[in-house]
$ cat protein_28.tsv   # TSV, C-alpha atoms
chain	number	residue	atom	x	y	z
A	1	MET	CA	0.00	0.00	0.00
A	2	PRO	CA	1.55	3.30	-1.04
A	3	GLY	CA	2.31	5.94	1.53
A	4	ALA	CA	-0.32	8.64	1.89
A	5	LYS	CA	1.89	11.48	0.69
A	6	LEU	CA	1.02	14.23	-1.74
A	7	ALA	CA	2.66	13.98	-5.14
A	8	GLN	CA	4.93	16.86	-6.05
A	9	SER	CA	5.80	17.80	-9.61
A	10	PRO	CA	9.26	19.02	-10.66
A	11	GLU	CA	7.99	22.56	-10.03
A	12	GLU	CA	8.75	23.37	-6.44
A	13	GLY	CA	5.65	23.62	-4.27
A	14	ASP	CA	3.28	22.06	-6.85
A	15	VAL	CA	1.10	19.60	-4.94
A	16	CYS	CA	-1.55	17.46	-6.62
A	17	ILE	CA	-4.09	14.80	-5.66
A	18	THR	CA	-3.00	11.16	-5.35
A	19	GLU	CA	-4.91	7.92	-4.84
A	20	ALA	CA	-2.98	7.47	-1.59
A	21	LEU	CA	-4.39	10.77	-0.29
A	22	ILE	CA	-7.90	9.85	-1.39
A	23	ILE	CA	-7.62	6.56	0.52
A	24	LYS	CA	-6.16	8.21	3.59
A	25	ARG	CA	-8.96	10.78	3.82
A	26	ASN	CA	-11.92	8.70	2.65
A	27	LEU	CA	-11.22	4.99	3.19
A	28	THR	CA	-9.81	2.80	5.96
A	29	PHE	CA	-8.22	-0.61	5.51
A	30	PRO	CA	-6.36	-3.05	7.79
A	31	GLU	CA	-2.63	-2.45	7.43
A	32	ASP	CA	-1.73	-6.15	7.35
A	33	GLU	CA	-3.87	-7.05	4.33
A	34	ASP	CA	-3.08	-6.80	0.62
A	35	LEU	CA	-6.00	-4.75	-0.64
A	36	SER	CA	-4.75	-3.28	-3.90
A	37	GLU	CA	-7.53	-4.83	-6.00
A	38	LYS	CA	-10.21	-4.18	-3.39
A	39	MET	CA	-8.88	-0.67	-3.02
A	40	PHE	CA	-9.34	-0.01	-6.70
A	41	HIS	CA	-12.95	-1.22	-6.69
A	42	THR	CA	-13.73	0.74	-3.54
A	43	ILE	CA	-12.26	3.97	-4.91
A	44	ALA	CA	-14.29	3.49	-8.07
A	45	GLU	CA	-17.44	3.24	-5.94
A	46	LEU	CA	-16.81	6.42	-3.94
A	47	GLN	CA	-19.52	9.04	-4.42
A	48	THR	CA	-18.19	11.65	-1.99
A	49	VAL	CA	-14.53	12.61	-1.65
A	50	ARG	CA	-13.18	15.09	0.90
A	51	LEU	CA	-9.76	16.59	0.22
A	52	ASP	CA	-10.06	19.97	1.90
A	53	ARG	CA	-7.15	21.65	3.74
A	54	GLU	CA	-4.42	19.51	2.18
A	55	GLY	CA	-2.30	22.23	0.56
A	56	ILE	CA	-3.28	20.99	-2.93
A	57	THR	CA	-2.25	23.31	-5.76
A	58	THR	CA	-3.29	21.24	-8.80
A	59	ILE	CA	-6.42	19.21	-9.62
A	60	ARG	CA	-5.56	15.91	-11.27
A	61	ASN	CA	-5.59	12.10	-10.87
A	62	LEU	CA	-9.36	11.79	-10.48
A	63	GLU	CA	-9.82	9.19	-13.23
A	64	SER	CA	-10.43	6.33	-10.78
A	65	LEU	CA	-13.44	8.10	-9.24
A	66	GLN	CA	-15.94	6.78	-11.75
A	67	ASN	CA	-19.04	7.37	-9.62
A	68	LEU	CA	-18.05	10.64	-7.98
A	69	HIS	CA	-20.93	12.98	-7.16
A	70	SER	CA	-19.50	15.32	-4.49
A	71	LEU	CA	-15.97	16.74	-4.31
A	72	TYR	CA	-14.71	18.92	-1.46
A	73	LEU	CA	-11.55	20.87	-2.31
A	74	GLN	CA	-12.03	24.00	-0.20
A	75	ALA	CA	-9.22	25.68	1.74
A	76	ASN	CA	-6.40	24.53	-0.53
A	77	LYS	CA	-4.05	26.47	-2.82
A	78	ILE	CA	-5.61	25.59	-6.15
A	79	GLN	CA	-5.01	28.15	-8.89
A	80	ARG	CA	-6.95	26.67	-11.83
A	81	ILE	CA	-10.14	24.70	-12.42
A	82	GLU	CA	-8.97	21.81	-14.58
A	83	ASN	CA	-8.96	18.04	-15.19
A	84	LEU	CA	-12.57	17.53	-14.13
A	85	ALA	CA	-13.89	16.14	-17.42
A	86	CYS	CA	-13.01	12.63	-16.16
A	87	VAL	CA	-15.78	12.88	-13.53
A	88	PRO	CA	-18.81	13.92	-15.63
A	89	SER	CA	-21.24	12.67	-12.96
A	90	LEU	CA	-20.11	15.40	-10.54
A	91	ARG	CA	-23.00	17.31	-8.96
A	92	PHE	CA	-21.40	19.06	-5.98
A	93	LEU	CA	-18.09	20.94	-6.18
A	94	SER	CA	-16.60	23.10	-3.44
A	95	LEU	CA	-13.54	25.17	-4.36
A	96	ALA	CA	-14.01	27.89	-1.75
A	97	GLY	CA	-10.96	29.53	-0.22
A	98	ASN	CA	-8.46	28.81	-3.00
A	99	ARG	CA	-6.46	31.00	-5.41
A	100	ILE	CA	-8.61	30.66	-8.53
A	101	ARG	CA	-8.59	33.67	-10.84
A	102	GLN	CA	-11.10	32.67	-13.52
A	103	VAL	CA	-14.00	30.31	-14.16
A	104	GLU	CA	-13.08	27.70	-16.75
A	105	ASN	CA	-13.34	24.02	-17.74
A	106	LEU	CA	-16.75	23.46	-16.15
A	107	ARG	CA	-18.86	22.91	-19.26
A	108	ASP	CA	-17.81	19.25	-19.26
A	109	LEU	CA	-19.86	18.74	-16.08
A	110	PRO	CA	-23.44	18.53	-17.41
A	111	TYR	CA	-24.92	17.45	-14.05
A	112	LEU	CA	-23.20	19.99	-11.79
A	113	GLN	CA	-25.81	21.57	-9.51
A	114	PHE	CA	-23.85	23.09	-6.60
A	115	LEU	CA	-20.72	25.19	-7.14
A	116	ASP	CA	-18.93	27.10	-4.37
A	117	LEU	CA	-16.20	29.46	-5.59
A	118	SER	CA	-16.37	31.88	-2.68
A	119	GLU	CA	-13.25	33.59	-1.31
A	120	ASN	CA	-11.14	33.26	-4.44
A	121	LEU	CA	-9.48	35.82	-6.72
A	122	ILE	CA	-12.01	36.00	-9.56
A	123	GLU	CA	-12.15	39.51	-11.01
A	124	LYS	CA	-14.13	38.96	-14.20
A	125	LEU	CA	-16.78	36.37	-14.99
A	126	LYS	CA	-17.05	34.33	-18.16
A	127	LEU	CA	-20.69	33.38	-17.93
A	128	ASP	CA	-20.53	30.91	-20.79
A	129	GLU	CA	-18.08	28.80	-18.74
A	130	PHE	CA	-20.76	27.89	-16.18
A	131	PRO	CA	-22.76	24.70	-16.83
A	132	GLN	CA	-26.43	25.38	-17.46
A	133	SER	CA	-27.41	22.74	-14.89
A	134	LEU	CA	-26.38	24.90	-11.89
A	135	LEU	CA	-28.98	25.33	-9.16
A	136	ILE	CA	-26.80	26.86	-6.42
A	137	LEU	CA	-23.81	29.15	-6.98
A	138	ASN	CA	-21.68	31.00	-4.46
A	139	LEU	CA	-19.20	33.67	-5.60
A	140	THR	CA	-19.05	35.79	-2.43
A	141	GLY	CA	-15.62	37.14	-1.56
A	142	ASN	CA	-14.64	37.70	-5.21
A	143	SER	CA	-14.26	41.15	-6.73
A	144	CYS	CA	-16.41	40.11	-9.70
A	145	THR	CA	-19.50	40.42	-7.52
A	146	SER	CA	-19.09	44.22	-7.44
A	147	GLN	CA	-19.58	44.41	-11.21
A	148	GLU	CA	-22.59	46.52	-12.19
A	149	GLY	CA	-25.65	44.39	-12.86
A	150	TYR	CA	-23.77	41.31	-11.61
A	151	ARG	CA	-26.75	39.49	-10.14
A	152	GLU	CA	-29.02	40.08	-13.13
A	153	LEU	CA	-26.30	38.93	-15.53
A	154	VAL	CA	-25.65	35.69	-13.65
A	155	THR	CA	-29.29	34.74	-13.13
A	156	GLY	CA	-30.03	35.59	-16.75
A	157	ALA	CA	-27.24	33.31	-17.97
A	158	LEU	CA	-28.25	30.40	-15.72
A	159	PRO	CA	-31.97	29.70	-16.16
A	160	LEU	CA	-32.18	26.96	-13.50
A	161	LEU	CA	-30.34	28.87	-10.78
A	162	MET	CA	-32.31	28.94	-7.53
A	163	ASP	CA	-29.77	30.46	-5.14
A	164	LEU	CA	-26.96	32.94	-5.81
A	165	ASP	CA	-24.47	33.96	-3.12
A	166	LYS	CA	-26.62	32.51	-0.31
A	167	GLN	CA	-29.62	34.53	-1.48
A	168	PRO	CA	-32.60	32.89	-3.20
A	169	VAL	CA	-33.53	33.94	-6.69
A	170	LEU	CA	-36.93	35.18	-5.57
A	171	GLU	CA	-38.67	35.10	-8.92
A	172	ARG	CA	-38.00	31.34	-9.02
A	173	TRP	CA	-39.32	30.68	-5.50
A	174	ASP	CA	-42.73	32.31	-5.79
A	175	SER	CA	-44.94	29.73	-4.05
A	176	ASP	CA	-45.13	26.24	-2.60
A	177	ASP	CA	-46.85	25.11	-5.78
A	178	GLU	CA	-43.85	26.23	-7.77
A	179	ASP	CA	-41.56	24.45	-5.33
A	180	LYS	CA	-43.41	21.19	-5.99
A	181	ALA	CA	-43.38	21.82	-9.70
A	182	SER	CA	-39.63	22.51	-9.67
A	183	ASP	CA	-39.01	19.21	-7.88
A	184	GLU	CA	-40.82	17.39	-10.66
A	185	GLU	CA	-39.18	19.44	-13.39
A	186	PHE	CA	-35.67	19.13	-11.91
A	187	PRO	CA	-35.20	15.59	-10.54
A	188	GLU	CA	-31.56	16.54	-9.85
A	189	LEU	CA	-32.78	18.09	-6.60
A	190	SER	CA	-32.88	14.59	-5.13
A	191	GLY	CA	-29.21	14.08	-5.97
A	192	PRO	CA	-26.79	12.58	-3.46
A	193	PHE	CA	-25.43	15.83	-2.04
A	194	CYS	CA	-28.90	17.22	-1.26
A	195	SER	CA	-27.80	20.76	-0.32
A	196	GLU	CA	-30.79	22.59	-1.75
A	197	ARG	CA	-33.44	24.32	0.30
A	198	GLY	CA	-35.73	21.29	0.50
A	199	PHE	CA	-33.06	19.17	2.13
A	200	LEU	CA	-32.36	21.79	4.78
A	201	LYS	CA	-36.08	21.98	5.57
A	202	GLU	CA	-36.29	18.20	5.93
A	203	LEU	CA	-33.26	18.21	8.21
A	204	GLU	CA	-34.79	20.90	10.41
A	205	GLN	CA	-38.07	18.97	10.58
A	206	ASP	CA	-36.26	15.76	11.57
A	207	MET	CA	-34.43	17.57	14.36
A	208	SER	CA	-37.70	19.11	15.56
A	209	ARG	CA	-39.42	15.72	15.60
A	210	HIS	CA	-36.52	14.22	17.54
A	211	LYS	CA	-36.72	17.03	20.11
A	212	GLU	CA	-40.48	16.55	20.51
A	213	HIS	CA	-40.00	12.82	20.97
A	214	ARG	CA	-37.48	13.39	23.78
A	215	GLN	CA	-39.76	15.91	25.46
A	216	GLN	CA	-42.72	13.52	25.25
A	217	ALA	CA	-40.65	10.70	26.73
A	218	ALA	CA	-39.56	12.92	29.63
A	219	LEU	CA	-43.17	14.00	30.25
A	220	THR	CA	-44.38	10.39	30.25
A	221	GLU	CA	-41.70	9.42	32.76
A	222	HIS	CA	-42.64	12.37	34.98
A	223	ARG	CA	-46.32	11.38	34.93
A	224	LEU	CA	-45.48	7.80	35.88
A	225	ARG	CA	-43.50	9.02	38.87
A	226	MET	CA	-46.36	11.27	39.96
A	227	GLU	CA	-48.80	8.35	39.74
A	228	THR	CA	-46.66	6.19	42.04
A	229	GLN	CA	-46.11	8.95	44.63
A	230	PRO	CA	-49.53	8.63	46.40
A	231	THR	CA	-48.91	4.94	46.95
A	232	LEU	CA	-45.77	5.77	48.88
A	233	THR	CA	-47.19	8.64	50.94
A	234	GLU	CA	-50.49	7.04	51.93
A	235	LEU	CA	-49.23	3.86	53.57
A	236	PRO	CA	-51.45	2.63	56.46
A	237	GLN	CA	-50.24	3.73	59.90
A	238	LEU	CA	-48.69	1.18	62.21
A	239	PRO	CA	-50.81	0.38	65.32
A	240	ARG	CA	-49.73	2.48	68.30
A	241	ARG	CA	-48.78	0.70	71.50
A	242	SER	CA	-50.52	1.37	74.84
A	243	LEU	CA	-48.95	4.11	76.95
A	244	ASP	CA	-49.12	1.90	80.08
A	245	GLY	CA	-47.18	-0.94	78.55
A	246	ASP	CA	-44.40	0.99	76.89
A	247	SER	CA	-42.53	4.03	78.16
A	248	SER	CA	-40.58	4.51	74.92
A	249	PRO	CA	-41.62	7.32	72.59
A	250	SER	CA	-43.95	6.35	69.74
A	251	VAL	CA	-43.58	7.96	66.30
A	252	THR	CA	-46.05	7.59	63.48
A	253	PRO	CA	-44.65	6.75	60.01
A	254	ARG	CA	-46.21	9.84	58.45
A	255	GLN	CA	-45.48	12.77	60.74
A	256	GLY	CA	-42.49	11.76	62.89
A	257	LYS	CA	-43.66	14.02	65.76
A	258	GLU	CA	-43.43	13.43	69.48
A	259	THR	CA	-46.22	11.31	71.01
A	260	PRO	CA	-48.40	12.52	73.88
A	261	HIS	CA	-46.30	10.32	76.20
A	262	GLU	CA	-43.18	12.24	75.25
A	263	SER	CA	-44.97	15.51	75.61
A	264	ALA	CA	-46.22	14.57	79.08
A	265	SER	CA	-42.69	13.99	80.33
A	266	LEU	CA	-41.79	17.61	79.73
A	267	PRO	CA	-44.12	19.08	82.45
A	268	GLN	CA	-42.91	16.42	84.94
A	269	ALA	CA	-39.31	17.48	84.44
A	270	SER	CA	-40.35	21.07	84.85
A	271	SER	CA	-42.18	20.25	88.17
A	272	ALA	CA	-39.13	18.49	89.66
A	273	THR	CA	-37.00	21.46	88.79
A	274	THR	CA	-39.48	23.77	90.54
A	275	LYS	CA	-39.41	21.69	93.80
A	276	THR	CA	-35.61	21.78	93.89
A	277	MET	CA	-35.57	25.54	93.50
A	278	THR	CA	-38.17	25.91	96.33
A	279	ARG	CA	-36.00	23.89	98.76
A	280	LYS	CA	-33.01	26.09	98.01
A	281	ILE	CA	-35.00	29.22	98.72
A	282	LYS	CA	-36.19	27.88	102.11
A	283	LYS	CA	-32.64	27.15	103.15

$ encode --input "protein_28.tsv" --output "structure tokens"
Amino acid sequence: MPGAKLAQSPEEGDVCITEALIIKRNLTFPEDEDLSEKMFHTIAELQTVRLDREGITTIRNLESLQNLHSLYLQANKIQRIENLACVPSLRFLSLAGNRIRQVENLRDLPYLQFLDLSENLIEKLKLDEFPQSLLILNLTGNSCTSQEGYRELVTGALPLLMDLDKQPVLERWDSDDEDKASDEEFPELSGPFCSERGFLKELEQDMSRHKEHRQQAALTEHRLRMETQPTLTELPQLPRRSLDGDSSPSVTPRQGKETPHESASLPQASSATTKTMTRKIKK
């Protein structure tokens, strides 16, 4: 099994993607087993690959990812968008926080729906370089967004775009009926990365249902405890012994107060003390 090191080209500082890095970040295998063939098949089956924050400068060596749908390359040092034609099934691509200066080589991705190019160095847009399949696009943090009429130009060039720079394209989200219609018209919304608005709503609803379930369970447990409490507090009292037969104090299970026998002893002690004091006075 090859070491999980980044491949460097003759140019100093040029770092590209390797299969070893893909395995290191996205697959785990026992070290004492020869898995070269299994490794190949497993890599070919990967649908999501995460290679963020690896110091990568060049995109290449993705040919083995035959079923790739989602690729995370944010927070690297990539300068160009290139060598992606070998993964035409790609639907989700994050290149945020790199050093990219222009949009290029994306028209070979006919199913790309989510593209994040935020926090790069893009000064001028080439709108014909974007695939027409885009539903979500993020270009925040690039100087090209300050271009006059920027938003109108981008939404006009991309007829399916539903969200630009974390802001919905309002004219394409007019009503719930249109939302349902768009789901039927664009089946890509059910793609594996599921980052569109509908997915976020479903996630929020699942979390809300889980919270309600926990609250209901806690309430049920509380009610059960309250139902058992009267049984413990209303136990029948133990029979009290006769005062003549027992000089020890008697305490009831419920109140734990002194019995009349105990209370009667207090005046007797007080009377004896009074007699003693009278004798002393006479003397």

$ residues_around --input "protein_28.tsv" --residues "Ser118 of chain A" --least-positions-apart "3" --cutoff "6 Å" --atoms "all atoms listed in the file" --output "PyMOL selection string"
chain A and resi 96+138-141

$ atom_distance --input "protein_28.tsv" --atom1 "atom CA of Ala44 of chain A" --atom2 "atom CA of Leu65 of chain A"
4.8 Å

$ closest_residue --input "protein_28.tsv" --among "A:Arg60, A:Lys77, A:His69, A:Lys24" --to "Leu112 of chain A" --atoms "all atoms listed in the file"
A:His69

$ closest_residue --input "protein_28.tsv" --among "A:Glu82, A:Glu63, A:Asp52, A:Glu123" --to "Gly97 of chain A" --atoms "only C-alpha atoms"
A:Asp52

$ atom_distance --input "protein_28.tsv" --atom1 "atom CA of Leu71 of chain A" --atom2 "atom CA of Asn83 of chain A"
13.0 Å

$ atom_distance --input "protein_28.tsv" --atom1 "atom CA of Glu19 of chain A" --atom2 "atom CA of Thr48 of chain A"
14.1 Å

$ closest_atom_pairs --input "protein_28.tsv" --of "segment 27-129 of chain A" --to "segment 154-173 of chain A" --cutoff "10 Å" --atoms "all atoms listed in the file" --output "tab-separated table"
residue	atom	partner	partner_atom	distance
A:Gln113	CA	A:Leu161	CA	8.7
A:Phe114	CA	A:Asp163	CA	9.6
A:Asp116	CA	A:Asp165	CA	8.9
A:Leu117	CA	A:Asp165	CA	9.7
A:Ser118	CA	A:Asp165	CA	8.4
A:Leu125	CA	A:Val154	CA	9.0
A:Lys126	CA	A:Val154	CA	9.8
A:Leu127	CA	A:Ala157	CA	6.6
A:Asp128	CA	A:Ala157	CA	7.7

$ residues_around --input "protein_28.tsv" --residues "Arg80 of chain A" --least-positions-apart "4" --cutoff "8 Å" --atoms "only C-alpha atoms" --output "list in words"
Thr58, Ile59, Arg99, Ile100, Arg101, Gln102 and Glu104 of chain A

$ write_last_selection --input "protein_28.tsv" --atoms "C-alpha atoms" --output "PDB file, in the coordinates of the input"
ATOM      1  CA  THR A  58      -3.290  21.240  -8.800  1.00  0.00           C
ATOM      2  CA  ILE A  59      -6.420  19.210  -9.620  1.00  0.00           C
ATOM      3  CA  ARG A  99      -6.460  31.000  -5.410  1.00  0.00           C
ATOM      4  CA  ILE A 100      -8.610  30.660  -8.530  1.00  0.00           C
ATOM      5  CA  ARG A 101      -8.590  33.670 -10.840  1.00  0.00           C
ATOM      6  CA  GLN A 102     -11.100  32.670 -13.520  1.00  0.00           C
ATOM      7  CA  GLU A 104     -13.080  27.700 -16.750  1.00  0.00           C
TER       8      GLU A 104
END

$ residues_around --input "protein_28.tsv" --residues "Ser143 of chain A" --least-positions-apart "5" --cutoff "10 Å" --atoms "all atoms listed in the file" --output "list in words"
Glu119, Asn120, Leu121, Ile122, Glu123, Lys124 and Leu125 of chain A

$ residues_around --input "protein_28.tsv" --residues "Gly55 of chain A" --least-positions-apart "6" --cutoff "9 Å" --atoms "only C-alpha atoms" --output "number ranges by chain"
A: 6, 15-16, 75-78

$ write_last_selection --input "protein_28.tsv" --atoms "C-alpha atoms" --output "PDB file, in the coordinates of the input"
ATOM      1  CA  LEU A   6       1.020  14.230  -1.740  1.00  0.00           C
ATOM      2  CA  VAL A  15       1.100  19.600  -4.940  1.00  0.00           C
ATOM      3  CA  CYS A  16      -1.550  17.460  -6.620  1.00  0.00           C
ATOM      4  CA  ALA A  75      -9.220  25.680   1.740  1.00  0.00           C
ATOM      5  CA  ASN A  76      -6.400  24.530  -0.530  1.00  0.00           C
ATOM      6  CA  LYS A  77      -4.050  26.470  -2.820  1.00  0.00           C
ATOM      7  CA  ILE A  78      -5.610  25.590  -6.150  1.00  0.00           C
TER       8      ILE A  78
END
